[in-house]
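*Asks:* Got a structure for you, questions after.
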Amino acid sequence: MWARANGIALGGLSIFALLGEAAAQASKPASTPSLSSREIQMVAPALENYTQGLLLGDVWARPDLSPRDRSIVTLAVLIARNEPLELPFYLNRALDNGVTPGEISEIITHLAFYAGWPNAMAAVSATRPVFAERKITSKQLPLAKVQSLPLDKQADDKRAKSVDENFGKVAPGVVQYTTDALFRDLWLRPGLAPRDRSMVTVSALVASGQVAQIPYHLNRAMDSGLTETQASEMLTQLAFYAGWPNVFSAMPVFKDIFAKRTAGATGK
Amino acid sequence: MWARANGIALGGLSIFALLGEAAAQASKPASTPSLSSREIQMVAPALENYTQGLLLGDVWARPDLSPRDRSIVTLAVLIARNEPLELPFYLNRALDNGVTPGEISEIITHLAFYAGWPNAMAAVSATRPVFAERKITSKQLPLAKVQSLPLDKQADDKRAKSVDENFGKVAPGVVQYTTDALFRDLWLRPGLAPRDRSMVTVSALVASGQVAQIPYHLNRAMDSGLTETQASEMLTQLAFYAGWPNVFSAMPVFKDIFAKRTAGATGK
Amino acid sequence: MWARANGIALGGLSIFALLGEAAAQASKPASTPSLSSREIQMVAPALENYTQGLLLGDVWARPDLSPRDRSIVTLAVLIARNEPLELPFYLNRALDNGVTPGEISEIITHLAFYAGWPNAMAAVSATRPVFAERKITSKQLPLAKVQSLPLDKQADDKRAKSVDENFGKVAPGVVQYTTDALFRDLWLRPGLAPRDRSMVTVSALVASGQVAQIPYHLNRAMDSGLTETQASEMLTQLAFYAGWPNVFSAMPVFKDIFAKRTAGATGK
């Protein structure tokens, strides 16, 4: 039976305190970080200082990659690495920086394939209250069936042939879905520009330490309009959000791709 | 003091809403996914379509790996990658597909060693309410002390000697526990068939991008009865649950092992 | 309207049960593991047995690495791998074993750079209630601005020159922050001894499977006083907390560093 006058003490912890904290969390708009400055200072004042001054104040303001693009890179990292705590804050930052709800929807769908279905579902779970709070409805989101972008059939036949030669007997299911689900379906969805879709993919690869697939996807990104300066600056953003070691593993690969593209362009 | 008539407004958020949502989540049977179709559609209609049609409808129904085996692979991925959100749904799917509670118990214990103690503990935390809901008691679970499977002493002496020669001075503690705790204890627990125990291990390795240990464990799996067709089809399941990049890193290793086993069998 | 007499039934789940469980969790002191022995036994009795006997009873008591150092290694793993469930338990263990609140603060800040900002924020979130429960205030924590340790300018100029030659054009932002934020700021913060700061870094690298950066950081750790015996025993601790595969990937690297250091010392 409830003690009506003063709240209920359960195991020494007042029900007011319990519900109060939960309600405080629940009533905090998702645009605020999950942790306030004051909360961070109670554990790591230096980290709070680096966050405000270095990261949000300095890195995000660097000119060579737009805030919109930085937002896309950051979201890709958080989703690929299953780090949903700060996803609401960065989703709101992305929306404020011009990433559309439809693009966010496509980013999550894309990472179901590139970071695994469970990470995409965790991202959906974190995104739902943000969309609800901003009154974003499914009307603003791309449908399941869309008018595909045109396929560069010659390039994709070449890719498919190479994958099939290498792995057609080893993993026929993977090879089939790589063509049918990925390159002739997912990659042709128009709700995320090819350059941006590639930027999401490269970010997820760097953030997961999966360097072997970076060359193909970095080239694809740069073929779709990502400049070398922007790709370099992605690495700065990634160092802070995916950690220095992942970026130091990725840098030699980026270096090699840049060199090959420059040599290719100048005919050396 | 409670406002008895209408619930309490805390920071603008009604206590009814707060408790209602928590109760709705808590009262949802664990056999339902953590996210409903409707919830996913509010963020990514395309992802919901891929989930129903492609993943659950198509991939899970592919013939070359049984639903029971697919469940084991999927559980291993979720636990190894610390993705507990959907674990209840896939635990129930596994139990419905014929994975026993005792086998689930052994899978979690196995992954304490192969994916680290904290991930196993997170899995225990997610599994508890599922077992409770299905009235599974510890009577159905393997004891700590069990009658071991027989040890292939010749093969394991060879393994132990190789590890000791390589690392006996570098990491004596690791070498000791590798023999005493892993290969002469954990691997001989009968509650998970050797083929299945190896399938869990291979899945965790692919899902964590740890290709270096795949050869030993894939060979062990196939020596224990995993067929090449089944191993190939594990890669299809893993592409969706662990992400395409991890599978593309694993495919050359699987290819090499298949080739060596075929050459060995045909005497080339 | 509240049913005052008997609690409220919501969707079949009594509000008493709902609040009771939440309150039970909330009122449990953070020094207790997130899962009780009884709870683990309801899912995996064998795992509970391994936890008590093998891990807590045997591994933690091994002589070649102190409980304090084991705590530092374990915290680094939990934070780097985004495994906050058991962080309160191990934070308390660390504090009981002589790791100071200030050192914990520095560990989290350090891992913002080495394991990515989001993992550090998740660690802050898990640490806050532990500090509050133990009445640790920010007065005990290092300030943002501190008196730096002396810089070994010759060694760091050499490092900076090498990184700049390799990557100065590829990723100028990363190179700049590597010097300005990491090696001439973070690494010179006195609140964590250089040996310990390196131990945290090496642990995070092993736990994330990032072997390429281990040589530099293991050498730095051993130059700062970590002995070969202690480094070996870190691997034992890491096998249990980061999983066997990560340690088997790291062992060849440790072996190579040990051999080079021995050869260097003996002039071979």
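Residues in the structure tokens are named by chain (A, B, ... in the order shown) and by number from 1 within that chain; ligands are numbered from 1 in the order shown.
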Would you kindly return, as a PyMOL selection string, each protein, DNA or RNA residue with an atom no farther than 8 Å from any atom of B:Leu75, considering only C-alpha atoms and excluding same-chain residues fewer than 4 positions away?

*Replies:* chain B and resi 71+79+87+90-91

*Asks:* List every residue of stretch 36-109 of chain B that has an atom at most 7 Å from any atom of stretch 107-112 of chain A, and for each one report the closest atom pair and its distance in Å to one decimal, counting only C-alpha atoms, with rows sorted by chain and then by increasing residue number, as JSON lines.

*Replies:*
```
{"residue": "B:Ala44", "atom": "CA", "partner": "A:Thr109", "partner_atom": "CA", "distance": 6.7}
{"residue": "B:Ala46", "atom": "CA", "partner": "A:Thr109", "partner_atom": "CA", "distance": 6.9}
{"residue": "B:Leu47", "atom": "CA", "partner": "A:Thr109", "partner_atom": "CA", "distance": 5.2}
```

*Asks:* What lies within 10 Å of C:Asn49 using only C-alpha atoms, ignoring chain neighbours under 4 positions off, as a PyMOL selection string?

*Replies:* (chain B and resi 143-145) or (chain C and resi 37+40-41+44-45+53-55)

*Asks:* Could the residues in this selection be written to a file with N, CA, C and O atoms, as a short mmCIF file (atom, residue, chain, number, x, y, z; two decimals), in the first residue's frame?

*Replies:*
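Result saved to out_8.cif:
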```cif
data_model
loop_
_atom_site.label_atom_id
_atom_site.label_comp_id
_atom_site.auth_asym_id
_atom_site.auth_seq_id
_atom_site.Cartn_x
_atom_site.Cartn_y
_atom_site.Cartn_z
N LEU B 143 26.02 -28.24 -14.42
CA LEU B 143 26.70 -27.89 -13.18
C LEU B 143 28.09 -27.34 -13.49
O LEU B 143 28.61 -27.47 -14.60
N ALA B 144 28.69 -26.78 -12.45
CA ALA B 144 30.07 -26.33 -12.59
C ALA B 144 30.96 -27.54 -12.85
O ALA B 144 31.78 -27.54 -13.78
N LYS B 145 30.82 -28.57 -12.03
CA LYS B 145 31.65 -29.76 -12.20
C LYS B 145 30.89 -30.78 -13.04
O LYS B 145 29.77 -31.17 -12.68
N SER C 37 25.88 -13.63 -7.14
CA SER C 37 26.18 -15.04 -7.41
C SER C 37 24.92 -15.82 -7.77
O SER C 37 24.90 -16.62 -8.69
N ILE C 40 23.77 -15.11 -11.31
CA ILE C 40 24.59 -15.77 -12.33
C ILE C 40 24.28 -17.26 -12.37
O ILE C 40 24.19 -17.86 -13.45
N GLN C 41 24.08 -17.86 -11.22
CA GLN C 41 23.80 -19.30 -11.18
C GLN C 41 22.48 -19.65 -11.84
O GLN C 41 22.28 -20.79 -12.25
N ALA C 44 24.15 -19.49 -15.60
CA ALA C 44 25.37 -20.24 -15.92
C ALA C 44 26.13 -20.59 -14.65
O ALA C 44 27.07 -19.86 -14.27
N PRO C 45 25.75 -21.69 -13.99
CA PRO C 45 26.45 -22.09 -12.76
C PRO C 45 27.96 -22.28 -12.97
O PRO C 45 28.74 -21.94 -12.09
N GLY C 53 36.20 -18.98 -8.33
CA GLY C 53 37.40 -19.78 -8.09
C GLY C 53 38.58 -19.36 -8.92
O GLY C 53 39.67 -19.07 -8.42
N LEU C 54 38.36 -19.34 -10.23
CA LEU C 54 39.47 -19.13 -11.15
C LEU C 54 39.85 -17.66 -11.23
O LEU C 54 41.00 -17.28 -11.05
N LEU C 55 38.84 -16.80 -11.51
CA LEU C 55 39.16 -15.42 -11.81
C LEU C 55 39.46 -14.62 -10.55
O LEU C 55 40.58 -14.14 -10.34
#
```

*Asks:* Enumerate as a PyMOL selection string the residues belonging to chain B that approach chain C to within 8 Å, with only C-alpha atoms taken into account.

*Replies:* chain B and resi 4-7+20+23-24+26-27+82+105-106+108-109+112-119+121-122+124-125+127-128+131+137-138+141-145+167+170-174+205+210+212-213

*Asks:* Could you pull out all residues of stretch 45-177 of chain C with a DSSP call of alpha helix (DSSP H) and give them as a ChimeraX atom specification?

*Replies:* /C:45-49,67-80,87-96,101-114,117-133,153-167,172-177
